[in-house]
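Undergrad: Pasting data18.cif below, which is mmCIF, C-alpha atoms and all ligand atoms.
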data_query
loop_
_atom_site.label_atom_id
_atom_site.label_comp_id
_atom_site.auth_asym_id
_atom_site.auth_seq_id
_atom_site.Cartn_x
_atom_site.Cartn_y
_atom_site.Cartn_z
CA MET A 1362 -23.06 121.43 -3.92
CA ASN A 1363 -23.61 124.42 -6.21
CA THR A 1364 -27.04 125.90 -6.80
CA ARG A 1365 -26.41 125.86 -10.52
CA LYS A 1366 -26.45 122.41 -12.14
CA LEU A 1367 -26.34 121.59 -15.86
CA LEU A 1368 -28.02 118.44 -17.11
CA ILE A 1369 -25.89 117.48 -20.10
CA THR A 1370 -27.28 114.80 -22.42
CA GLY A 1371 -24.77 112.96 -24.61
CA GLY A 1372 -21.97 114.13 -22.32
CA ALA A 1373 -19.96 110.95 -22.91
CA GLY A 1374 -19.68 111.65 -26.66
CA PHE A 1375 -17.20 113.80 -28.54
CA ILE A 1376 -18.52 117.35 -28.14
CA GLY A 1377 -20.48 116.64 -24.95
CA SER A 1378 -17.40 115.38 -23.10
CA ASN A 1379 -15.36 118.38 -24.26
CA PHE A 1380 -18.15 120.58 -22.92
CA VAL A 1381 -18.10 118.78 -19.56
CA HIS A 1382 -14.32 119.44 -19.35
CA TYR A 1383 -14.84 123.06 -20.34
CA ILE A 1384 -17.43 123.65 -17.59
CA LEU A 1385 -15.70 121.76 -14.79
CA GLU A 1386 -12.29 123.27 -15.60
CA ASN A 1387 -13.50 126.86 -15.83
CA TYR A 1388 -16.56 127.25 -13.58
CA SER A 1389 -16.22 126.03 -10.01
CA ASN A 1390 -19.72 127.36 -9.28
CA ILE A 1391 -21.43 124.92 -11.67
CA ASP A 1392 -22.24 121.22 -11.14
CA VAL A 1393 -22.82 118.78 -13.96
CA VAL A 1394 -24.98 115.70 -14.38
CA VAL A 1395 -24.43 113.72 -17.58
CA LEU A 1396 -27.20 111.56 -19.04
CA ASP A 1397 -25.97 109.21 -21.74
CA LYS A 1398 -27.04 105.87 -23.22
CA LEU A 1399 -23.41 104.95 -23.96
CA THR A 1400 -24.03 103.87 -27.54
CA TYR A 1401 -21.01 102.89 -29.67
CA ALA A 1402 -20.14 106.61 -29.69
CA GLY A 1403 -20.41 107.16 -25.95
CA ASN A 1404 -17.33 106.46 -23.87
CA LEU A 1405 -16.96 106.82 -20.12
CA ASN A 1406 -13.18 107.03 -20.54
CA ASN A 1407 -13.80 110.52 -21.98
CA LEU A 1408 -14.97 111.60 -18.52
CA ASP A 1409 -12.61 109.51 -16.42
CA ARG A 1410 -10.83 112.44 -14.80
CA TRP A 1411 -14.02 113.69 -13.14
CA LYS A 1412 -15.33 110.42 -11.73
CA THR A 1413 -14.36 111.24 -8.13
CA ASP A 1414 -15.21 114.95 -8.35
CA SER A 1415 -18.22 115.88 -6.21
CA ARG A 1416 -19.43 118.35 -8.87
CA PHE A 1417 -19.83 115.54 -11.42
CA GLN A 1418 -22.44 112.82 -11.75
CA PHE A 1419 -23.08 110.28 -14.53
CA LEU A 1420 -26.30 108.41 -15.21
CA LYS A 1421 -26.80 105.88 -17.98
CA VAL A 1422 -30.15 106.38 -19.68
CA ASP A 1423 -31.71 106.25 -23.13
CA ILE A 1424 -33.48 109.55 -23.83
CA ALA A 1425 -35.74 107.72 -26.29
CA ASP A 1426 -37.06 105.55 -23.44
CA LYS A 1427 -39.75 107.84 -22.05
CA GLN A 1428 -40.29 105.91 -18.82
CA ALA A 1429 -36.60 105.46 -18.03
CA LEU A 1430 -35.89 109.13 -18.76
CA SER A 1431 -38.73 110.32 -16.58
CA THR A 1432 -37.73 108.02 -13.68
CA THR A 1433 -34.09 109.13 -13.93
CA CYS A 1434 -34.95 112.83 -13.99
CA LYS A 1435 -37.56 112.63 -11.21
CA ASP A 1436 -35.22 113.20 -8.29
CA LEU A 1437 -32.55 115.20 -10.12
CA GLU A 1438 -32.17 118.84 -9.27
CA PHE A 1439 -30.90 120.69 -12.35
CA THR A 1440 -31.32 124.28 -13.41
CA GLU A 1441 -30.44 124.11 -17.12
CA ILE A 1442 -30.35 121.48 -19.86
CA VAL A 1443 -27.68 121.32 -22.58
CA HIS A 1444 -28.83 118.72 -25.09
CA PHE A 1445 -26.11 117.01 -27.13
CA ALA A 1446 -27.39 113.41 -27.19
CA ALA A 1447 -27.98 112.27 -30.75
CA GLU A 1448 -27.10 109.72 -33.35
CA SER A 1449 -24.59 111.88 -35.21
CA HIS A 1450 -22.98 110.05 -38.12
CA VAL A 1451 -24.42 110.76 -41.60
CA ASP A 1452 -23.08 107.48 -43.08
CA ARG A 1453 -24.78 105.43 -40.38
CA SER A 1454 -28.05 107.28 -40.98
CA ILE A 1455 -27.90 106.20 -44.61
CA LEU A 1456 -27.47 102.56 -43.58
CA GLY A 1457 -30.03 102.61 -40.76
CA PRO A 1458 -32.20 105.69 -40.22
CA GLU A 1459 -34.47 104.26 -37.51
CA GLU A 1460 -32.22 104.93 -34.52
CA PHE A 1461 -31.83 108.51 -35.77
CA VAL A 1462 -35.56 109.12 -35.69
CA LYS A 1463 -35.89 107.42 -32.30
CA THR A 1464 -33.09 109.32 -30.56
CA ASN A 1465 -32.98 112.62 -32.38
CA VAL A 1466 -36.72 113.18 -32.80
CA MET A 1467 -38.44 111.12 -30.10
CA GLY A 1468 -35.60 111.49 -27.58
CA THR A 1469 -35.64 115.27 -27.98
CA PHE A 1470 -39.42 115.26 -27.66
CA PHE A 1471 -39.33 113.29 -24.38
CA LEU A 1472 -36.64 115.60 -23.03
CA LEU A 1473 -38.70 118.65 -23.97
CA GLU A 1474 -41.63 117.20 -22.06
CA ILE A 1475 -39.47 116.80 -18.95
CA ALA A 1476 -38.23 120.36 -19.45
CA ARG A 1477 -41.76 121.70 -19.86
CA GLU A 1478 -42.85 120.18 -16.56
CA ARG A 1479 -39.76 121.55 -14.78
CA HIS A 1480 -40.29 124.97 -16.24
CA GLN A 1481 -43.91 125.00 -15.11
CA GLN A 1482 -42.60 124.35 -11.59
CA SER A 1483 -40.14 127.28 -12.06
CA LYS A 1484 -37.23 124.87 -11.74
CA LEU A 1485 -35.68 125.25 -15.20
CA ASN A 1486 -33.96 128.39 -16.51
CA ARG A 1487 -32.71 127.30 -19.95
CA PHE A 1488 -32.92 124.51 -22.52
CA LEU A 1489 -30.02 124.75 -24.97
CA HIS A 1490 -30.40 122.49 -27.99
CA VAL A 1491 -27.20 121.65 -29.87
CA SER A 1492 -27.85 121.20 -33.58
CA THR A 1493 -26.08 121.20 -36.89
CA ASP A 1494 -25.64 123.31 -40.01
CA GLU A 1495 -26.63 120.22 -42.02
CA VAL A 1496 -30.29 121.11 -41.44
CA TYR A 1497 -29.82 123.84 -44.07
CA GLY A 1498 -28.86 121.35 -46.78
CA THR A 1499 -26.09 122.16 -49.18
CA LEU A 1500 -24.53 125.35 -50.53
CA GLY A 1501 -23.12 125.87 -53.99
CA LYS A 1502 -19.81 127.67 -54.46
CA GLU A 1503 -21.17 130.96 -53.09
CA GLY A 1504 -22.99 132.10 -49.97
CA PHE A 1505 -23.17 131.20 -46.28
CA PHE A 1506 -25.61 129.69 -43.82
CA THR A 1507 -27.14 132.21 -41.41
CA GLU A 1508 -29.93 131.98 -38.84
CA SER A 1509 -32.44 132.88 -41.57
CA THR A 1510 -31.42 130.22 -44.08
CA SER A 1511 -34.36 127.93 -44.94
CA TYR A 1512 -34.29 124.35 -43.75
CA ALA A 1513 -33.53 121.79 -46.49
CA PRO A 1514 -32.07 118.65 -44.87
CA ASN A 1515 -30.78 116.01 -47.28
CA SER A 1516 -29.82 112.98 -45.16
CA PRO A 1517 -31.86 111.00 -42.64
CA TYR A 1518 -29.46 112.38 -39.99
CA SER A 1519 -30.02 116.01 -40.91
CA ALA A 1520 -33.77 115.46 -41.37
CA SER A 1521 -33.97 114.02 -37.85
CA LYS A 1522 -31.98 116.96 -36.45
CA ALA A 1523 -34.25 119.37 -38.37
CA GLY A 1524 -37.24 117.63 -36.76
CA SER A 1525 -35.71 118.14 -33.33
CA ASP A 1526 -34.98 121.82 -34.06
CA HIS A 1527 -38.62 122.37 -35.06
CA LEU A 1528 -39.87 120.70 -31.88
CA VAL A 1529 -37.61 122.93 -29.78
CA ARG A 1530 -38.85 126.01 -31.64
CA SER A 1531 -42.47 124.96 -31.10
CA TYR A 1532 -41.95 124.52 -27.34
CA PHE A 1533 -40.71 128.10 -27.11
CA HIS A 1534 -43.65 129.50 -29.08
CA THR A 1535 -46.35 127.28 -27.63
CA TYR A 1536 -45.32 126.73 -24.02
CA GLY A 1537 -42.85 129.56 -23.41
CA LEU A 1538 -40.04 127.08 -22.72
CA PRO A 1539 -36.79 129.11 -22.41
CA THR A 1540 -35.03 127.56 -25.40
CA ILE A 1541 -31.94 128.48 -27.38
CA THR A 1542 -30.76 126.51 -30.43
CA THR A 1543 -27.25 126.49 -31.84
CA ASN A 1544 -26.39 125.14 -35.33
CA CYS A 1545 -22.69 124.62 -35.85
CA SER A 1546 -20.38 123.35 -38.54
CA ASN A 1547 -18.02 120.33 -38.44
CA ASN A 1548 -16.11 119.98 -35.17
CA TYR A 1549 -12.68 118.44 -34.68
CA GLY A 1550 -10.40 117.92 -31.69
CA PRO A 1551 -9.74 115.58 -28.73
CA PHE A 1552 -12.11 112.62 -28.18
CA HIS A 1553 -13.41 112.79 -31.77
CA PHE A 1554 -14.92 109.40 -32.55
CA PRO A 1555 -12.61 107.43 -34.89
CA GLU A 1556 -15.03 106.96 -37.78
CA LYS A 1557 -15.39 110.68 -38.64
CA LEU A 1558 -13.08 112.13 -41.32
CA ILE A 1559 -10.31 113.82 -39.27
CA PRO A 1560 -9.69 111.11 -36.64
CA LEU A 1561 -10.11 108.39 -39.26
CA ILE A 1562 -7.36 109.88 -41.42
CA ILE A 1563 -5.01 110.39 -38.45
CA LEU A 1564 -5.54 106.85 -37.18
CA ASN A 1565 -5.28 105.25 -40.62
CA CYS A 1566 -1.97 107.09 -41.15
CA ILE A 1567 -0.67 105.69 -37.84
CA GLN A 1568 -1.88 102.21 -38.77
CA ARG A 1569 -0.78 102.47 -42.42
CA LYS A 1570 -4.29 101.81 -43.67
CA PRO A 1571 -5.87 103.34 -46.80
CA LEU A 1572 -7.17 106.91 -46.42
CA PRO A 1573 -10.67 106.79 -47.95
CA VAL A 1574 -11.70 109.99 -49.74
CA TYR A 1575 -15.30 110.04 -50.98
CA GLY A 1576 -15.76 111.00 -54.64
CA LYS A 1577 -13.09 113.46 -55.77
CA GLY A 1578 -12.52 114.98 -52.32
CA ASN A 1579 -13.86 118.36 -53.51
CA ASN A 1580 -16.65 118.65 -50.94
CA ILE A 1581 -16.19 121.54 -48.54
CA ARG A 1582 -16.70 121.60 -44.79
CA ASP A 1583 -16.21 124.56 -42.41
CA TRP A 1584 -14.06 123.15 -39.60
CA LEU A 1585 -14.61 124.37 -36.02
CA TYR A 1586 -12.24 123.44 -33.19
CA VAL A 1587 -14.33 121.75 -30.50
CA LYS A 1588 -12.90 124.00 -27.74
CA ASP A 1589 -14.14 127.09 -29.59
CA HIS A 1590 -17.50 125.38 -30.03
CA CYS A 1591 -17.72 124.77 -26.25
CA SER A 1592 -17.08 128.44 -25.45
CA ALA A 1593 -19.69 129.43 -28.05
CA ILE A 1594 -22.30 127.10 -26.52
CA PHE A 1595 -21.60 128.48 -23.06
CA THR A 1596 -21.87 132.04 -24.39
CA ALA A 1597 -25.23 131.19 -25.97
CA LEU A 1598 -26.39 129.59 -22.71
CA GLU A 1599 -25.36 132.64 -20.67
CA LYS A 1600 -26.26 135.48 -22.98
CA GLY A 1601 -28.46 134.07 -25.75
CA LYS A 1602 -31.89 135.58 -26.29
CA LEU A 1603 -34.65 133.07 -25.51
CA GLY A 1604 -36.29 131.52 -28.57
CA GLU A 1605 -33.39 132.52 -30.81
CA THR A 1606 -31.00 130.40 -32.84
CA TYR A 1607 -27.27 131.05 -33.32
CA VAL A 1608 -25.11 129.55 -36.05
CA ILE A 1609 -21.55 128.79 -34.95
CA GLY A 1610 -18.44 128.57 -37.10
CA THR A 1611 -15.00 130.10 -37.52
CA ARG A 1612 -14.80 130.88 -41.27
CA ASN A 1613 -12.54 127.92 -41.93
CA GLU A 1614 -13.62 126.26 -45.16
CA LYS A 1615 -11.52 123.41 -46.54
CA THR A 1616 -12.05 120.76 -49.18
CA ASN A 1617 -11.82 117.22 -47.84
CA LEU A 1618 -8.69 116.72 -49.89
CA GLU A 1619 -7.07 119.78 -48.30
CA ILE A 1620 -7.81 118.31 -44.87
CA VAL A 1621 -6.38 114.92 -45.81
CA TYR A 1622 -3.21 116.48 -47.29
CA LYS A 1623 -2.73 118.67 -44.21
CA ILE A 1624 -2.97 115.66 -41.89
CA CYS A 1625 -0.56 113.67 -44.11
CA GLU A 1626 1.92 116.56 -43.95
CA LEU A 1627 1.72 116.69 -40.13
CA MET A 1628 2.01 112.92 -39.89
CA ASP A 1629 5.11 112.98 -42.12
CA GLN A 1630 6.77 115.23 -39.50
CA LYS A 1631 5.45 113.58 -36.36
CA HIS A 1632 5.27 109.94 -37.44
CA PRO A 1633 7.90 109.64 -40.18
CA GLU A 1634 7.77 105.81 -40.28
CA GLY A 1635 4.91 105.85 -42.80
CA ALA A 1636 5.97 108.89 -44.89
CA PRO A 1637 4.88 109.99 -47.40
CA HIS A 1638 1.44 109.31 -45.92
CA LYS A 1639 -0.34 110.82 -48.92
CA ASP A 1640 0.49 107.63 -50.82
CA LEU A 1641 -2.18 105.95 -48.69
CA ILE A 1642 -5.00 108.09 -50.19
CA GLN A 1643 -7.70 106.07 -51.95
CA PHE A 1644 -10.59 107.66 -53.78
CA VAL A 1645 -13.71 105.61 -52.98
CA LYS A 1646 -17.42 105.59 -53.83
CA ASP A 1647 -19.12 108.87 -52.99
CA ARG A 1648 -21.60 109.21 -50.12
CA ALA A 1649 -25.24 108.98 -51.28
CA GLY A 1650 -26.72 112.48 -51.49
CA HIS A 1651 -23.39 113.98 -50.42
CA ASP A 1652 -23.85 117.69 -49.57
CA PHE A 1653 -21.32 119.73 -51.54
CA ARG A 1654 -20.51 122.63 -49.24
CA TYR A 1655 -21.23 123.92 -45.73
CA ALA A 1656 -20.12 127.40 -44.63
CA ILE A 1657 -21.23 129.46 -41.66
CA ASP A 1658 -21.56 133.20 -41.25
CA PRO A 1659 -21.22 133.61 -37.44
CA THR A 1660 -21.83 137.38 -37.39
CA LYS A 1661 -24.87 137.14 -35.08
CA ILE A 1662 -23.19 135.30 -32.20
CA GLU A 1663 -20.10 137.51 -32.61
CA SER A 1664 -21.86 140.86 -32.73
CA GLU A 1665 -24.86 140.24 -30.45
CA LEU A 1666 -23.24 137.99 -27.81
CA GLY A 1667 -19.61 139.05 -28.15
CA TRP A 1668 -18.29 135.50 -28.76
CA LYS A 1669 -14.86 135.17 -30.35
CA PRO A 1670 -12.94 131.98 -31.18
CA LYS A 1671 -9.55 131.52 -29.51
CA TYR A 1672 -7.88 129.02 -31.82
CA ASN A 1673 -6.63 129.10 -35.38
CA PHE A 1674 -6.78 126.09 -37.68
CA GLU A 1675 -3.03 125.61 -38.09
CA ASN A 1676 -2.45 125.29 -34.33
CA ALA A 1677 -5.65 123.41 -33.55
CA ILE A 1678 -5.20 120.72 -36.21
CA GLU A 1679 -1.65 120.16 -34.97
CA GLU A 1680 -2.90 119.96 -31.38
CA THR A 1681 -5.49 117.42 -32.57
CA VAL A 1682 -2.91 115.23 -34.33
CA ASP A 1683 -0.73 115.38 -31.19
CA TRP A 1684 -3.68 114.37 -29.02
CA PHE A 1685 -4.30 111.21 -31.07
CA LEU A 1686 -0.59 110.38 -31.07
CA GLU A 1687 -0.40 110.84 -27.29
CA ASN A 1688 -3.64 109.03 -26.43
CA GLN A 1689 -3.19 105.75 -28.25
CA SER A 1690 -4.81 103.65 -25.51
CA TRP A 1691 -7.99 105.76 -25.86
CA TRP A 1692 -8.52 104.93 -29.51
CA LYS A 1693 -7.00 101.43 -29.43
CA ASP A 1694 -9.58 100.53 -26.83
CA ILE A 1695 -12.36 101.72 -29.17
CA LEU A 1696 -10.93 100.04 -32.26
CA SER A 1697 -10.58 96.65 -30.59
CA GLY A 1698 -13.16 93.99 -29.78
CA GLU A 1699 -16.83 94.39 -30.52
CA TYR A 1700 -16.56 97.78 -32.19
CA LYS A 1701 -13.84 96.57 -34.59
CA ASN A 1702 -16.11 93.81 -35.95
CA TYR A 1703 -19.01 96.17 -36.35
CA TYR A 1704 -16.90 98.91 -37.93
CA GLU A 1705 -15.40 96.58 -40.50
CA LYS A 1706 -18.83 95.27 -41.49
CA VAL A 1707 -20.28 98.78 -41.83
CA TYR A 1708 -17.36 99.96 -43.91
CA GLN A 1709 -17.51 96.98 -46.26
CA GLU A 1710 -21.07 98.05 -47.04
CA LEU A 1711 -20.13 101.69 -47.51
CA LYS A 1712 -17.10 101.43 -49.66
P1 LIG B 1 -21.25 111.71 -30.76
O1 LIG B 1 -21.87 110.71 -31.67
O2 LIG B 1 -19.79 111.72 -30.57
O3 LIG B 1 -21.89 111.58 -29.30
C1 LIG B 1 -23.27 111.39 -29.11
C2 LIG B 1 -23.50 111.00 -27.65
O4 LIG B 1 -24.90 110.84 -27.45
C3 LIG B 1 -22.83 109.67 -27.27
O5 LIG B 1 -22.23 109.77 -26.01
C4 LIG B 1 -24.00 108.70 -27.23
O6 LIG B 1 -23.80 107.61 -26.33
C5 LIG B 1 -25.14 109.61 -26.79
N1 LIG B 1 -26.45 109.08 -27.20
C6 LIG B 1 -26.80 108.63 -28.44
N2 LIG B 1 -28.07 108.19 -28.40
C7 LIG B 1 -28.53 108.39 -27.14
C8 LIG B 1 -29.77 108.15 -26.49
N3 LIG B 1 -30.80 107.59 -27.14
N4 LIG B 1 -29.89 108.48 -25.19
C9 LIG B 1 -28.85 109.03 -24.51
N5 LIG B 1 -27.65 109.26 -25.05
C10 LIG B 1 -27.50 108.96 -26.37
O7 LIG B 1 -21.78 113.12 -31.26
P2 LIG B 1 -21.06 114.53 -31.25
O8 LIG B 1 -20.25 114.64 -32.47
O9 LIG B 1 -20.46 114.76 -29.93
O10 LIG B 1 -22.33 115.49 -31.45
C11 LIG B 1 -23.02 116.01 -30.32
C12 LIG B 1 -24.18 116.85 -30.80
O11 LIG B 1 -23.68 117.89 -31.63
C13 LIG B 1 -25.18 116.08 -31.65
O12 LIG B 1 -26.47 116.54 -31.32
C14 LIG B 1 -24.83 116.45 -33.08
O13 LIG B 1 -25.95 116.40 -33.91
C15 LIG B 1 -24.33 117.87 -32.90
N6 LIG B 1 -23.35 118.31 -33.89
C16 LIG B 1 -22.18 117.63 -34.06
C17 LIG B 1 -21.22 118.11 -34.96
C18 LIG B 1 -19.91 117.43 -35.19
O14 LIG B 1 -19.14 117.89 -36.05
N7 LIG B 1 -19.58 116.38 -34.49
C19 LIG B 1 -21.50 119.27 -35.69
C20 LIG B 1 -22.74 119.89 -35.53
C21 LIG B 1 -23.64 119.44 -34.58
O1 LIG B 2 -21.70 119.87 -40.42
C1 LIG B 2 -21.90 119.33 -39.16
C2 LIG B 2 -21.87 117.82 -39.20
O2 LIG B 2 -20.52 117.44 -39.35
C3 LIG B 2 -22.46 117.20 -37.93
O3 LIG B 2 -23.81 117.53 -37.83
C4 LIG B 2 -22.27 115.67 -37.92
O4 LIG B 2 -22.70 115.14 -36.68
C5 LIG B 2 -20.79 115.39 -38.10
O5 LIG B 2 -20.58 113.99 -38.16
C6 LIG B 2 -20.27 116.05 -39.36
O6 LIG B 2 -20.87 115.45 -40.52
P1 LIG B 2 -20.03 115.16 -41.86
O7 LIG B 2 -20.76 114.14 -42.62
O8 LIG B 2 -19.69 116.42 -42.56
O9 LIG B 2 -18.68 114.57 -41.18
P2 LIG B 2 -17.75 113.37 -41.61
O10 LIG B 2 -16.53 113.46 -40.74
O11 LIG B 2 -18.48 112.07 -41.64
O12 LIG B 2 -17.34 113.74 -43.08
C7 LIG B 2 -16.68 114.95 -43.40
C8 LIG B 2 -16.48 115.00 -44.90
O13 LIG B 2 -15.51 114.00 -45.26
C9 LIG B 2 -17.72 114.68 -45.71
O14 LIG B 2 -17.74 115.48 -46.87
C10 LIG B 2 -17.55 113.20 -46.08
C11 LIG B 2 -16.06 113.06 -46.20
N1 LIG B 2 -15.50 111.73 -45.82
C12 LIG B 2 -15.87 111.20 -44.63
C13 LIG B 2 -15.36 109.97 -44.22
C14 LIG B 2 -15.79 109.35 -42.91
C15 LIG B 2 -14.58 111.11 -46.65
O15 LIG B 2 -14.22 111.63 -47.73
N2 LIG B 2 -14.08 109.91 -46.25
C16 LIG B 2 -14.44 109.29 -45.09
O16 LIG B 2 -13.97 108.16 -44.81
#
Take the structure I supplied and represent it as structure tokens, if you would.
TA:
Amino acid sequence: MNTRKLLITGGAGFIGSNFVHYILENYSNIDVVVLDKLTYAGNLNNLDRWKTDSRFQFLKVDIADKQALSTTCKDLEFTEIVHFAAESHVDRSILGPEEFVKTNVMGTFFLLEIARERHQQSKLNRFLHVSTDEVYGTLGKEGFFTESTSYAPNSPYSASKAGSDHLVRSYFHTYGLPTITTNCSNNYGPFHFPEKLIPLIILNCIQRKPLPVYGKGNNIRDWLYVKDHCSAIFTALEKGKLGETYVIGTRNEKTNLEIVYKICELMDQKHPEGAPHKDLIQFVKDRAGHDFRYAIDPTKIESELGWKPKYNFENAIEETVDWFLENQSWWKDILSGEYKNYYEKVYQELK
């Protein structure tokens, strides 16, 4: 058993599970305990390879259930918290905001209370809160989000994340909790849940289903490879200044249509049966309140903490497409059964 143990909430989700892999692969002196409710987006298969590793532990718990969270954490020895758990899909927050407020606001609050108690007992060194650039609202054609951009969330999802960011900030100022907040742009990579844009387009190409593009496809996102995000989070955890926030991105802006065309091009090479895949594109109703552009200026984490990304978009998007082609049982499992029925109902309402 190591003396250093990270409590990772939401570690069975997309970014959280990549972070668990990143830690356990690279740092033999760190143990990990994952707390996760296993919602539709949580998947124990993401963590399968560690299930017999003595440095890894998994506990199923809802962070929005104060009693259950407190009972679960009571006998756990952890030295740091990395908080990923959240309801994370903007479209779902438009259809049903309540879970977002419960998990993202109340869940974060209950976790902060646990952290505060631990810190008072000198048992907690860091609380790293993983948040999003969506809290800053939308950009026009010019400019970038930085740590000093004003908050202006536009969806129930981003408003709930903004609420959680403010709570974290207040626990630093009021109680001296050793917090660090990171706000990153759109991630992509292995284990990305199939209803987000990049995996959805890859999987619909494989299945010869329509490729839904909201509005005209002109909205811009700043795509960050999840493995670069994991190294940035770890850098912030190790070297970040307490009470500070760090925005994370890799200067990789693309319109949604550019992303969809790029995936179609890769699929034409790697899965020629359905070529040309771009014929599957369908322009559909726009998202309500759809933010036009997100773009990050990561100068602070680069210059103050020395973080540098390792991947470039061309290689990482290809690696991502390959991962989905090589891991068909992973996504087929998700797209079958209960989830399939739910997913089809949700998407009828959206489109
Ligand atoms: P995800 O939806 O893939 O995973 C979320 C995880 O949290 C799942 O394992 C789920 O089971 C768990 N969870 C949800 N509600 C819970 C609850 N009440 N109690 C315990 N566990 C619960 O999300 P993701 O894309 O991996 O995002 C992780 C974090 O990063 C989130 O906080 C999100 O806001 C933030 N973020 C994500 C992106 C992105 O592009 N995906 C970008 C910026 C920030
Ligand atoms: O910016 C960070 C955020 O990125 C995170 O905080 C969120 O958790 C994460 O889900 C992501 O939010 P987006 O709404 O930007 O991601 P999504 O993959 O849902 O959509 C990306 C863009 O693609 C967005 O402009 C909407 C568009 N889109 C999405 C889907 C699912 C489509 O055109 N068609 C689709 O079917």
Undergrad: Within 7 Å of ligand LIG 2 (chain B), which residues show up when you count all atoms listed in the file? List them as a list in words, please.
TA: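 Counting only what the definition allows, namely all atoms listed in the file, the set is Ser1449, His1450, Val1451, Asp1452, Ser1492, Thr1493, Asp1494, Glu1495, Cys1545, Ser1546, Asn1547, Asn1548, Glu1556, Lys1557, Leu1558, Ile1559, Leu1561, Pro1573, Val1574, Tyr1575, Gly1578, Asn1580, Ile1581, Arg1582, Asn1617, Arg1648, His1651 and Tyr1655 of chain A.
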Undergrad: Mind listing the residues within 6 Å of ligand LIG 1 (chain B), only C-alpha atoms and all ligand atoms counted, as a short mmCIF file (atom, residue, chain, number, x, y, z; two decimals) with C-alpha atoms, in the coordinates of the input?
TA:
data_model
loop_
_atom_site.label_atom_id
_atom_site.label_comp_id
_atom_site.auth_asym_id
_atom_site.auth_seq_id
_atom_site.Cartn_x
_atom_site.Cartn_y
_atom_site.Cartn_z
CA GLY A 1371 -24.77 112.96 -24.61
CA GLY A 1372 -21.97 114.13 -22.32
CA ALA A 1373 -19.96 110.95 -22.91
CA GLY A 1374 -19.68 111.65 -26.66
CA PHE A 1375 -17.20 113.80 -28.54
CA ILE A 1376 -18.52 117.35 -28.14
CA GLY A 1377 -20.48 116.64 -24.95
CA ASP A 1397 -25.97 109.21 -21.74
CA LYS A 1398 -27.04 105.87 -23.22
CA LEU A 1399 -23.41 104.95 -23.96
CA THR A 1400 -24.03 103.87 -27.54
CA ALA A 1402 -20.14 106.61 -29.69
CA GLY A 1403 -20.41 107.16 -25.95
CA VAL A 1422 -30.15 106.38 -19.68
CA ASP A 1423 -31.71 106.25 -23.13
CA ILE A 1424 -33.48 109.55 -23.83
CA ALA A 1425 -35.74 107.72 -26.29
CA PHE A 1445 -26.11 117.01 -27.13
CA ALA A 1446 -27.39 113.41 -27.19
CA ALA A 1447 -27.98 112.27 -30.75
CA GLU A 1448 -27.10 109.72 -33.35
CA SER A 1449 -24.59 111.88 -35.21
CA THR A 1464 -33.09 109.32 -30.56
CA VAL A 1491 -27.20 121.65 -29.87
CA SER A 1492 -27.85 121.20 -33.58
CA THR A 1493 -26.08 121.20 -36.89
CA CYS A 1545 -22.69 124.62 -35.85
CA SER A 1546 -20.38 123.35 -38.54
CA ASN A 1547 -18.02 120.33 -38.44
CA ASN A 1548 -16.11 119.98 -35.17
CA PHE A 1554 -14.92 109.40 -32.55
#
Undergrad: Using all atoms listed in the file, list the residues that have an atom at most 12 Å from (-49.9, 123.0, -24.7), coordinates as in the file, as a PyMOL selection string.
TA: chain A and resi 1474+1477-1478+1481+1531-1538
Undergrad: Quick one: residues within 8 Å of A:Leu1472, all atoms listed in the file counted, chain neighbours fewer than 3 positions away excluded, as a ChimeraX atom specification?
TA: /A:1424,1430,1468-1469,1475-1476
Undergrad: Quick one: residues within 8 Å of A:Thr1507, only C-alpha atoms counted, chain neighbours fewer than 2 positions away excluded, as a list in words?
TA: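 After dropping sequence-adjacent residues, the list is Phe1505, Ser1509, Thr1510, Val1608, Ile1657, Asp1658 and Pro1659 of chain A.
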